[in-house]
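What follows is a single structure, written as structure tokens, with notes after it.
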Amino acid sequence: MKRVGGLKTNLPYQAKDKAARTCFACKTTREKQLLLRLIVDEEGQIWPDFSAKLPGRGVYLCMEEDCLNKVSDKRLGVLRRDFSPQLPQWDVLQQRIFDMLSQRLNQLLNGVKRQAVIGRDAVMHQMWDKKSLLVLFAADAGDALLRQVNDAMDKRALGEMKSDAQDKTIVSLLDAEALGSALGRKKIAVVAFTEKSPLLKLQQISVWQQRFGLMLAKQQGK
């Protein structure tokens, strides 16, 4: 169990594709779906391949926080053994990955908006069901709302409610207005998705986006 944005989330994800790949940066071997594929184009620019289906050869990045904090242009230099990347470009690549993660997250949210359980009361009521939940908070959700929902999630984890399912809670980098826009509403402070929705990919992209966003914010604050 790890914490993301001060909230609990269960990692790693349970991927159906058991094919393994090795992170070029930290050399950790993981299931293919748990890593981000990167490709180098003809101009030497490095791009994220979220579908892992773009033509050409690529490498994989594990996206774990400890590994990301150690990636640098020097470490990207290992790609020169098989590719011709233009370096330095780690700063550009970080922003590129974050922007594309944000775009992908909006696409996923738009695709599951009909399954969204929106608002505090609806989310709290959903917790009495046995289905696994992914709960997303807006970045500007109030502390009182965070505490209330997380207390209820803790009760589920302890078996005090009906569910013995594993749940995930994440503070999104989207504010209430942006989260609402992605789901076709004006503003949304908290939303939940059940196991019927594509939880794994939505959880994965949300966590990755937050990690990159926090990393970029720290760098800009230096």
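Starting from 1 in every chain, residues are counted up; chains themselves are A, B, ... following the order of the structure tokens, and ligands are numbered from 1 as listed.
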### Message
Would you pick out the contacts of segment 74-80 of chain A at 9 Å or less, using only C-alpha atoms, so that residues sharing its chain but fewer than 2 positions from it are not included, and give the list as a ChimeraX atom specification?
### Response
/A:24-25,59,70-72,82-85,87-90
### Query
Neighbours of segment 204-214 of chain A within 8 Å (only C-alpha atoms; same-chain residues fewer than 2 positions away dropped), as a VMD selection string?
chain A and resid 4 to 5 13 63 65 94 97 to 98 101 to 102 104 to 105 170 172 to 173 200 to 202 216 to 218
### Message
So that I can see what lies close to segment 114-130 of chain A, please list as a VMD selection string the residues with an atom at most 12 Å from it, counting only C-alpha atoms and leaving out residues fewer than 2 positions away in the same chain.
### Response
chain A and resid 108 to 112 132 to 138 141 to 142 144 to 157 159 to 167 169 176 179 to 180 182 to 199
### Task
For Leu36 of chain A, work out the shell of residues within 7 Å, counting only C-alpha atoms and skipping chain neighbours fewer than 5 positions away, then give it as a list in words.
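Here the qualifying residues turn out to be Pro48, Asp49, Phe50, Tyr60, Leu61, Cys62 and Met63 of chain A.
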### Message
I need the residues of segment 34-201 of chain A that end up classed as strand (DSSP E) by DSSP on the backbone, written out as JSON, numbers by chain.
### Response
{"A": [36, 37, 38, 39, 40, 46, 47, 48, 49, 58, 59, 60, 61, 117, 118, 133, 134, 135, 136, 137, 168, 169, 170, 171, 190, 191, 192, 193, 194]}
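Picture a line from atom CA of Leu38 of chain A to atom CA of Arg57 of chain A; it runs 8.8 Å.
The interatomic distance for the pair atom CA of Cys23 of chain A and atom CA of Ile39 of chain A works out to 13.3 Å.
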### Task
Give the alpha helix (DSSP H) residues of chain A, as DSSP finds them on the backbone, and put them as a ChimeraX atom specification.
/A:65-68,73-76,90-111,120-126,143-157,176-182,199-221
### Message
Report, in Å to a single decimal, how far apart atom CA of Asp66 of chain A and atom CA of Ala178 of chain A are.
### Response
28.8 Å
